[in-house]
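Everything below belongs to upload-v4.tsv, which stores TSV, C-alpha atoms.
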chain	number	residue	atom	x	y	z
A	1	MET	CA	-121.33	30.98	47.40
A	2	PRO	CA	-121.57	28.64	44.40
A	3	THR	CA	-118.02	27.83	43.35
A	4	PHE	CA	-116.22	25.00	41.60
A	5	GLU	CA	-112.62	23.99	41.19
A	6	ALA	CA	-111.16	24.46	37.73
A	7	THR	CA	-109.04	21.74	36.16
A	8	ASP	CA	-105.89	23.46	37.45
A	9	GLY	CA	-107.26	24.04	40.95
A	10	VAL	CA	-108.34	27.70	40.68
A	11	GLU	CA	-111.63	28.37	42.47
A	12	ILE	CA	-114.24	29.82	40.10
A	13	TYR	CA	-117.34	31.62	41.31
A	14	TRP	CA	-120.60	31.49	39.40
A	15	ASP	CA	-124.11	32.76	39.96
A	16	HIS	CA	-127.44	31.63	38.56
A	17	TRP	CA	-131.06	32.64	38.20
A	18	ASP	CA	-133.73	29.99	37.68
A	19	GLY	CA	-136.23	30.16	34.84
A	20	ASP	CA	-139.10	28.20	33.39
A	21	ALA	CA	-138.59	28.65	29.67
A	22	GLU	CA	-138.18	25.58	27.50
A	23	LEU	CA	-135.11	27.10	25.88
A	24	PRO	CA	-131.66	26.16	27.26
A	25	PRO	CA	-129.83	28.23	29.89
A	26	VAL	CA	-127.93	31.36	28.92
A	27	LEU	CA	-124.32	31.58	30.10
A	28	LEU	CA	-122.90	35.10	30.35
A	29	HIS	CA	-119.16	35.86	30.36
A	30	HIS	CA	-118.01	39.34	31.34
A	31	GLY	CA	-115.21	41.56	30.09
A	32	PHE	CA	-111.79	42.42	31.47
A	33	ILE	CA	-111.78	43.88	35.03
A	34	ALA	CA	-115.57	43.50	35.31
A	35	ASP	CA	-117.47	40.56	36.83
A	36	GLY	CA	-120.90	39.02	36.43
A	37	ARG	CA	-122.58	41.67	38.54
A	38	SER	CA	-121.08	44.77	36.92
A	39	ASN	CA	-121.23	43.47	33.33
A	40	TRP	CA	-124.59	41.74	33.32
A	41	VAL	CA	-126.66	42.38	36.47
A	42	SER	CA	-126.15	46.13	36.87
A	43	PRO	CA	-126.95	46.98	33.20
A	44	GLY	CA	-130.18	44.97	33.41
A	45	VAL	CA	-129.26	42.16	31.02
A	46	VAL	CA	-129.95	39.41	33.57
A	47	ALA	CA	-133.28	40.98	34.50
A	48	ALA	CA	-134.26	41.24	30.83
A	49	LEU	CA	-133.51	37.55	30.29
A	50	THR	CA	-135.20	36.26	33.44
A	51	ALA	CA	-138.28	38.37	32.67
A	52	THR	CA	-138.80	36.13	29.65
A	53	GLY	CA	-138.34	32.96	31.71
A	54	ARG	CA	-134.76	32.20	30.76
A	55	ARG	CA	-132.43	30.44	33.19
A	56	VAL	CA	-129.20	32.46	33.45
A	57	ILE	CA	-125.68	31.52	34.55
A	58	ALA	CA	-122.96	34.14	35.04
A	59	VAL	CA	-119.30	33.30	35.65
A	60	ASP	CA	-116.69	35.42	37.41
A	61	ALA	CA	-113.55	34.67	35.40
A	62	ARG	CA	-110.34	33.71	37.18
A	63	GLY	CA	-108.65	36.85	38.46
A	64	HIS	CA	-111.95	38.72	38.56
A	65	GLY	CA	-114.84	39.31	40.92
A	66	ARG	CA	-115.26	36.60	43.53
A	67	SER	CA	-113.13	33.96	41.80
A	68	GLY	CA	-109.59	32.96	42.72
A	69	LYS	CA	-106.87	35.46	41.86
A	70	PRO	CA	-103.51	33.77	41.31
A	71	HIS	CA	-100.69	36.08	40.19
A	72	ASP	CA	-98.97	33.84	37.66
A	73	PRO	CA	-99.64	34.74	33.99
A	74	ALA	CA	-99.24	31.03	33.14
A	75	VAL	CA	-102.70	30.31	34.60
A	76	TYR	CA	-104.46	33.01	32.60
A	77	GLY	CA	-105.63	33.57	29.05
A	78	GLU	CA	-109.01	33.28	27.35
A	79	THR	CA	-108.39	29.65	26.39
A	80	ARG	CA	-108.15	28.70	30.06
A	81	MET	CA	-111.28	30.71	30.77
A	82	ALA	CA	-113.11	28.85	27.99
A	83	GLN	CA	-112.08	25.59	29.64
A	84	ASP	CA	-113.54	26.88	32.91
A	85	VAL	CA	-116.87	27.40	31.12
A	86	ILE	CA	-116.73	23.86	29.74
A	87	THR	CA	-115.95	22.49	33.22
A	88	LEU	CA	-118.91	24.33	34.75
A	89	LEU	CA	-121.34	23.15	32.08
A	90	ASP	CA	-120.10	19.60	32.58
A	91	LEU	CA	-120.65	19.86	36.35
A	92	LEU	CA	-124.17	21.22	35.79
A	93	ARG	CA	-124.86	18.52	33.17
A	94	VAL	CA	-126.02	21.13	30.70
A	95	GLU	CA	-126.87	19.50	27.37
A	96	GLN	CA	-127.43	22.67	25.34
A	97	VAL	CA	-126.58	26.31	26.03
A	98	ASP	CA	-126.76	29.83	24.66
A	99	VAL	CA	-123.65	31.92	25.37
A	100	ALA	CA	-123.06	35.68	25.43
A	101	GLY	CA	-119.67	37.28	25.99
A	102	TYR	CA	-118.44	40.85	26.14
A	103	SER	CA	-114.93	42.10	25.28
A	104	MET	CA	-112.55	39.61	26.92
A	105	GLY	CA	-115.60	37.42	27.47
A	106	ALA	CA	-116.34	37.63	23.76
A	107	ILE	CA	-112.96	36.03	23.02
A	108	VAL	CA	-113.68	33.36	25.64
A	109	SER	CA	-117.06	32.72	24.04
A	110	LEU	CA	-115.65	32.49	20.51
A	111	ILE	CA	-113.04	29.97	21.65
A	112	PHE	CA	-115.77	28.01	23.44
A	113	ALA	CA	-117.86	28.09	20.27
A	114	THR	CA	-115.08	26.38	18.32
A	115	ARG	CA	-114.69	23.62	20.91
A	116	ASP	CA	-118.03	22.67	22.43
A	117	PRO	CA	-120.95	21.16	20.47
A	118	ARG	CA	-123.55	22.13	23.09
A	119	LEU	CA	-123.78	25.71	21.83
A	120	ARG	CA	-127.14	26.70	20.30
A	121	ARG	CA	-126.81	30.49	19.83
A	122	LEU	CA	-123.97	32.95	20.39
A	123	VAL	CA	-123.86	36.68	21.19
A	124	ILE	CA	-120.57	38.57	20.91
A	125	GLY	CA	-120.16	42.15	22.10
A	126	GLY	CA	-117.41	44.74	22.44
A	127	VAL	CA	-114.98	43.37	19.84
A	128	GLY	CA	-114.35	43.90	16.16
A	129	SER	CA	-111.75	43.39	13.47
A	130	ALA	CA	-108.94	42.68	15.93
A	131	VAL	CA	-110.37	39.19	16.52
A	132	VAL	CA	-109.69	38.44	12.86
A	133	GLU	CA	-106.45	40.39	12.55
A	134	LEU	CA	-104.83	39.72	15.94
A	135	GLY	CA	-106.71	36.76	17.41
A	136	GLY	CA	-108.13	38.63	20.38
A	137	VAL	CA	-109.02	41.99	21.89
A	138	ASP	CA	-107.55	45.04	20.18
A	139	THR	CA	-104.14	45.54	21.77
A	140	ARG	CA	-103.42	48.21	19.15
A	141	VAL	CA	-105.70	50.54	21.12
A	142	ILE	CA	-104.11	49.77	24.49
A	143	PRO	CA	-100.73	48.01	24.12
A	144	ALA	CA	-99.71	45.42	26.70
A	145	GLU	CA	-96.95	47.72	27.92
A	146	ALA	CA	-99.51	50.41	28.71
A	147	PHE	CA	-101.56	47.92	30.70
A	148	ARG	CA	-98.47	46.90	32.68
A	149	GLU	CA	-97.71	50.53	33.47
A	150	ALA	CA	-101.28	51.23	34.51
A	151	PHE	CA	-101.62	48.22	36.79
A	152	HIS	CA	-98.21	48.17	38.45
A	153	THR	CA	-97.85	51.82	39.44
A	154	ASP	CA	-99.00	52.91	42.88
A	155	ASP	CA	-99.63	56.43	41.59
A	156	PRO	CA	-102.32	56.54	38.88
A	157	SER	CA	-101.40	60.14	38.06
A	158	THR	CA	-98.19	58.87	36.42
A	159	ILE	CA	-100.05	56.81	33.79
A	160	THR	CA	-99.32	58.28	30.37
A	161	HIS	CA	-101.74	56.33	28.16
A	162	PRO	CA	-105.27	57.85	28.39
A	163	ALA	CA	-107.19	54.64	27.66
A	164	ALA	CA	-105.03	52.64	30.06
A	165	ALA	CA	-105.66	55.30	32.70
A	166	GLY	CA	-109.38	54.73	32.20
A	167	PHE	CA	-109.02	51.01	32.78
A	168	ARG	CA	-106.92	51.66	35.90
A	169	ALA	CA	-109.69	53.89	37.23
A	170	PHE	CA	-112.13	51.03	36.57
A	171	VAL	CA	-109.87	48.61	38.50
A	172	ASP	CA	-109.71	50.97	41.47
A	173	ALA	CA	-113.47	51.59	41.36
A	174	VAL	CA	-114.31	47.88	41.60
A	175	GLY	CA	-111.47	47.05	44.01
A	176	GLY	CA	-109.82	44.65	41.57
A	177	ASP	CA	-106.59	42.76	42.23
A	178	ARG	CA	-104.16	44.71	40.06
A	179	THR	CA	-101.50	41.99	40.06
A	180	ALA	CA	-103.96	39.31	38.96
A	181	LEU	CA	-105.38	41.56	36.26
A	182	ALA	CA	-101.89	42.41	35.03
A	183	ALA	CA	-101.24	38.66	34.77
A	184	GLN	CA	-104.31	38.29	32.52
A	185	ALA	CA	-103.22	41.32	30.48
A	186	ALA	CA	-99.89	39.55	29.92
A	187	ALA	CA	-101.68	36.40	28.71
A	188	LEU	CA	-104.25	37.88	26.31
A	189	HIS	CA	-105.16	35.55	23.46
A	190	ALA	CA	-103.27	36.46	20.29
A	191	SER	CA	-103.47	33.53	17.88
A	192	PRO	CA	-105.95	32.70	15.10
A	193	ILE	CA	-109.41	31.51	16.16
A	194	PRO	CA	-111.07	29.22	13.56
A	195	LEU	CA	-114.08	31.49	13.21
A	196	ASP	CA	-115.22	29.74	10.04
A	197	SER	CA	-115.93	26.62	12.13
A	198	ILE	CA	-118.65	28.38	14.15
A	199	ALA	CA	-121.87	27.05	12.66
A	200	VAL	CA	-124.47	28.37	15.13
A	201	PRO	CA	-126.48	31.57	14.63
A	202	THR	CA	-124.38	34.44	15.97
A	203	LEU	CA	-125.20	38.04	16.85
A	204	LEU	CA	-122.41	40.61	17.00
A	205	ILE	CA	-123.24	43.82	18.93
A	206	ALA	CA	-120.89	46.78	18.66
A	207	GLY	CA	-121.11	50.29	20.08
A	208	ARG	CA	-120.89	53.01	17.48
A	209	ASP	CA	-118.17	54.81	19.48
A	210	ASP	CA	-116.37	51.71	20.78
A	211	VAL	CA	-112.73	52.02	19.70
A	212	LEU	CA	-112.08	48.47	20.91
A	213	ALA	CA	-114.74	47.17	18.51
A	214	GLY	CA	-113.52	48.89	15.37
A	215	ARG	CA	-114.68	47.63	11.96
A	216	PRO	CA	-117.01	44.99	13.43
A	217	GLU	CA	-118.29	44.13	9.95
A	218	LEU	CA	-114.99	42.34	9.30
A	219	LEU	CA	-115.62	40.02	12.22
A	220	ALA	CA	-119.25	39.49	11.21
A	221	LYS	CA	-118.13	38.41	7.75
A	222	ALA	CA	-115.63	35.93	9.21
A	223	ILE	CA	-118.34	34.01	11.10
A	224	PRO	CA	-120.55	32.07	8.64
A	225	ASN	CA	-123.96	32.66	10.23
A	226	ALA	CA	-123.46	36.04	11.91
A	227	ARG	CA	-125.53	39.21	11.99
A	228	LEU	CA	-124.20	42.62	13.09
A	229	ALA	CA	-126.12	45.12	15.21
A	230	ILE	CA	-124.66	48.61	15.73
A	231	ILE	CA	-125.95	50.45	18.80
A	232	GLU	CA	-125.03	53.68	20.56
A	233	GLY	CA	-122.23	53.84	23.13
A	234	ASP	CA	-118.53	53.36	23.71
A	235	HIS	CA	-116.75	50.32	25.13
A	236	LEU	CA	-117.84	50.75	28.73
A	237	GLY	CA	-121.23	52.25	27.89
A	238	SER	CA	-122.77	50.25	25.05
A	239	VAL	CA	-123.59	47.25	27.25
A	240	ARG	CA	-125.67	49.62	29.40
A	241	GLN	CA	-127.75	50.83	26.49
A	242	PRO	CA	-131.31	49.39	26.52
A	243	ALA	CA	-130.74	48.38	22.90
A	244	PHE	CA	-128.00	45.97	23.97
A	245	ALA	CA	-130.32	43.92	26.17
A	246	ASP	CA	-133.14	44.20	23.64
A	247	GLU	CA	-130.99	42.85	20.81
A	248	LEU	CA	-129.55	40.07	22.98
A	249	VAL	CA	-132.86	38.88	24.41
A	250	THR	CA	-134.71	38.95	21.09
A	251	PHE	CA	-131.94	37.00	19.39
A	252	LEU	CA	-131.49	34.39	22.13
A	253	ASN	CA	-135.23	33.82	22.51
A	254	THR	CA	-135.54	32.81	18.87
A	255	ARG	CA	-136.08	29.09	18.55
Could you write out this file's structure as structure tokens?
Amino acid sequence: MPTFEATDGVEIYWDHWDGDAELPPVLLHHGFIADGRSNWVSPGVVAALTATGRRVIAVDARGHGRSGKPHDPAVYGETRMAQDVITLLDLLRVEQVDVAGYSMGAIVSLIFATRDPRLRRLVIGGVGSAVVELGGVDTRVIPAEAFREAFHTDDPSTITHPAAAGFRAFVDAVGGDRTALAAQAAALHASPIPLDSIAVPTLLIAGRDDVLAGRPELLAKAIPNARLAIIEGDHLGSVRQPAFADELVTFLNTR
């Protein structure tokens, strides 16, 4: 298993697929509860990229997948996850990189984009106006209190918030560590991101029925060199639409 130790000692798992294209590697960062396999391999995004010769790197964020799962909210948050990406790229001696992030991973990728000069192109999916208005994922749709209720109860039938119940079902389906995920939910990024400092070409992909990516045009306008693509699907389904991979691959393979 390829792993590395983050700057605070948490073990981070990553996976990779070799390629022969002259373009730089593509780093993929998944959404909340998911991991590299469920967010990027299963929907066919990795296969679509490698079919064009791209080298691909996928990270399992702390608290997710095969990475370490501490239970202290103090070691979570998208800023720490962005630092984990920087640490990995440093270890791999990557000089230039394309990055794609979905939902929570989109926030990680946007923070990375404001901090690391190695970025060439950026793809953001599953988020919308909340990034501008709240500084992160849209907690107006699922409040933090609803997440806490959904993750801490032993009886899912008692969950009162429908969307939170859906996320709890996702946790149970993938066998996630509910305490670790609740710690990340308690540490969600909620401060302004200097979006106007992102100078690289950026593609924003939003599902037409994704309530967590509402009014994506507001986010697209806040990033100087961004283009918006609307595709079919809701929050959990749009990344599985063939159009998602098509838009991502076409955009990232542009020199």
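Nearest residue to Arg140 in chain A among A:Val10, A:Gly214, A:Gly175, A:Thr52 is A:Gly214, counting all atoms listed in the file.
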**Request:** Tell me, in Å to one decimal, how far CA of Asp138 in chain A is from CA of Arg66 in chain A.
**Result:** 26.0 Å
**Request:** In Å, rounded to a single decimal, give me how far CA of Lys221 in chain A is from CA of Val200 in chain A.
**Result:**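 If I compute the distance from CA of Val200 in chain A to CA of Lys221 in chain A, I get 14.0 Å.
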**Message:** Give me the residues near Trp17 in chain A as a VMD selection string, where near means some atom within 12 Å (using only C-alpha atoms) and where sequence neighbours in that chain fewer than 5 positions away do not count.
**Reply:** chain A and resid 25 to 28 41 46 to 51 53 to 58
**Within 8 Å of range 211-213 of chain A using all atoms listed in the file, minus same-chain residues under 6 positions, as a list in words** =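 Within the cut-off, the hits are Gly126, Val127, Gly128, Ser129, Ala130, Val137, Asp138, Val141, Asp234 and His235 of chain A.
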**Message:** List as a list of chain:residue names the protein and nucleic acid residues near Arg62 in chain A, meaning an atom at most 10 Å away when all atoms listed in the file are counted, but skip any in the same chain fewer than 5 places from it.
**Reply:**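 Once the nearby chain positions are removed, what remains is A:Ala6, A:Val10, A:Glu11, A:Ile12, A:Tyr13, A:Asp35, A:Ser67, A:Gly68, A:Lys69, A:Pro70, A:Val75, A:Tyr76, A:Gly77, A:Glu78, A:Arg80, A:Met81, A:Asp84, A:Ala180, A:Leu181, A:Gln184.
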**Asked** Which distance in Å separates CA of Val59 in chain A and CA of Ile33 in chain A, to one decimal?
**Response** 13.0 Å
**Prompt:** Counting all atoms listed in the file, which of A:Arg118, A:Val239, A:Gly125, A:Glu149 gets nearest to Pro24 in chain A?
**Reply:** A:Arg118
**Prompt:** From the set A:Arg227, A:Val97, A:Thr7, A:Leu236, which residue has the shortest atom-to-atom contact distance to Ala34 in chain A, counting only C-alpha atoms?
**Reply:**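 Of the candidates, the smallest distance to Ala34 in chain A is held by A:Leu236.
The set of protein, DNA and RNA residues with any counted atom at most 10 Å from (-115.9, 27.8, 19.9) (all atoms listed in the file) reads Ala82, Ile107, Val108, Ser109, Leu110, Ile111, Phe112, Ala113, Thr114, Arg115, Asp116, Pro117, Leu119, Leu122, Ile193, Pro194, Leu195, Ser197, Ile198, Ala199 and Val200 of chain A.
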**Prompt:** Out of A:Asp8, A:Arg208, A:Phe170, A:Arg178, which residue has the shortest atom-to-atom distance to Thr153 in chain A when counting all atoms listed in the file?
**Reply:**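 Looking only at the distances to Thr153 in chain A, the closest residue turns out to be A:Arg178.
For the choices A:Ile86, A:Ala173, A:Val249, A:Val94, the atom-to-atom distance to Arg121 in chain A is smallest for A:Val249 when using all atoms listed in the file.
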**Message:** When you count only C-alpha atoms, which of these residues is closest to Phe32 in chain A: A:Val174, A:Val99, A:Leu134, A:Val85?
**Reply:** A:Val174
**Asked** Contacts of Pro43 in chain A at 8 Å or less, counting all atoms listed in the file, minus same-chain residues fewer than 3 places along, as number ranges by chain?
**Response** A: 38-40, 239-241
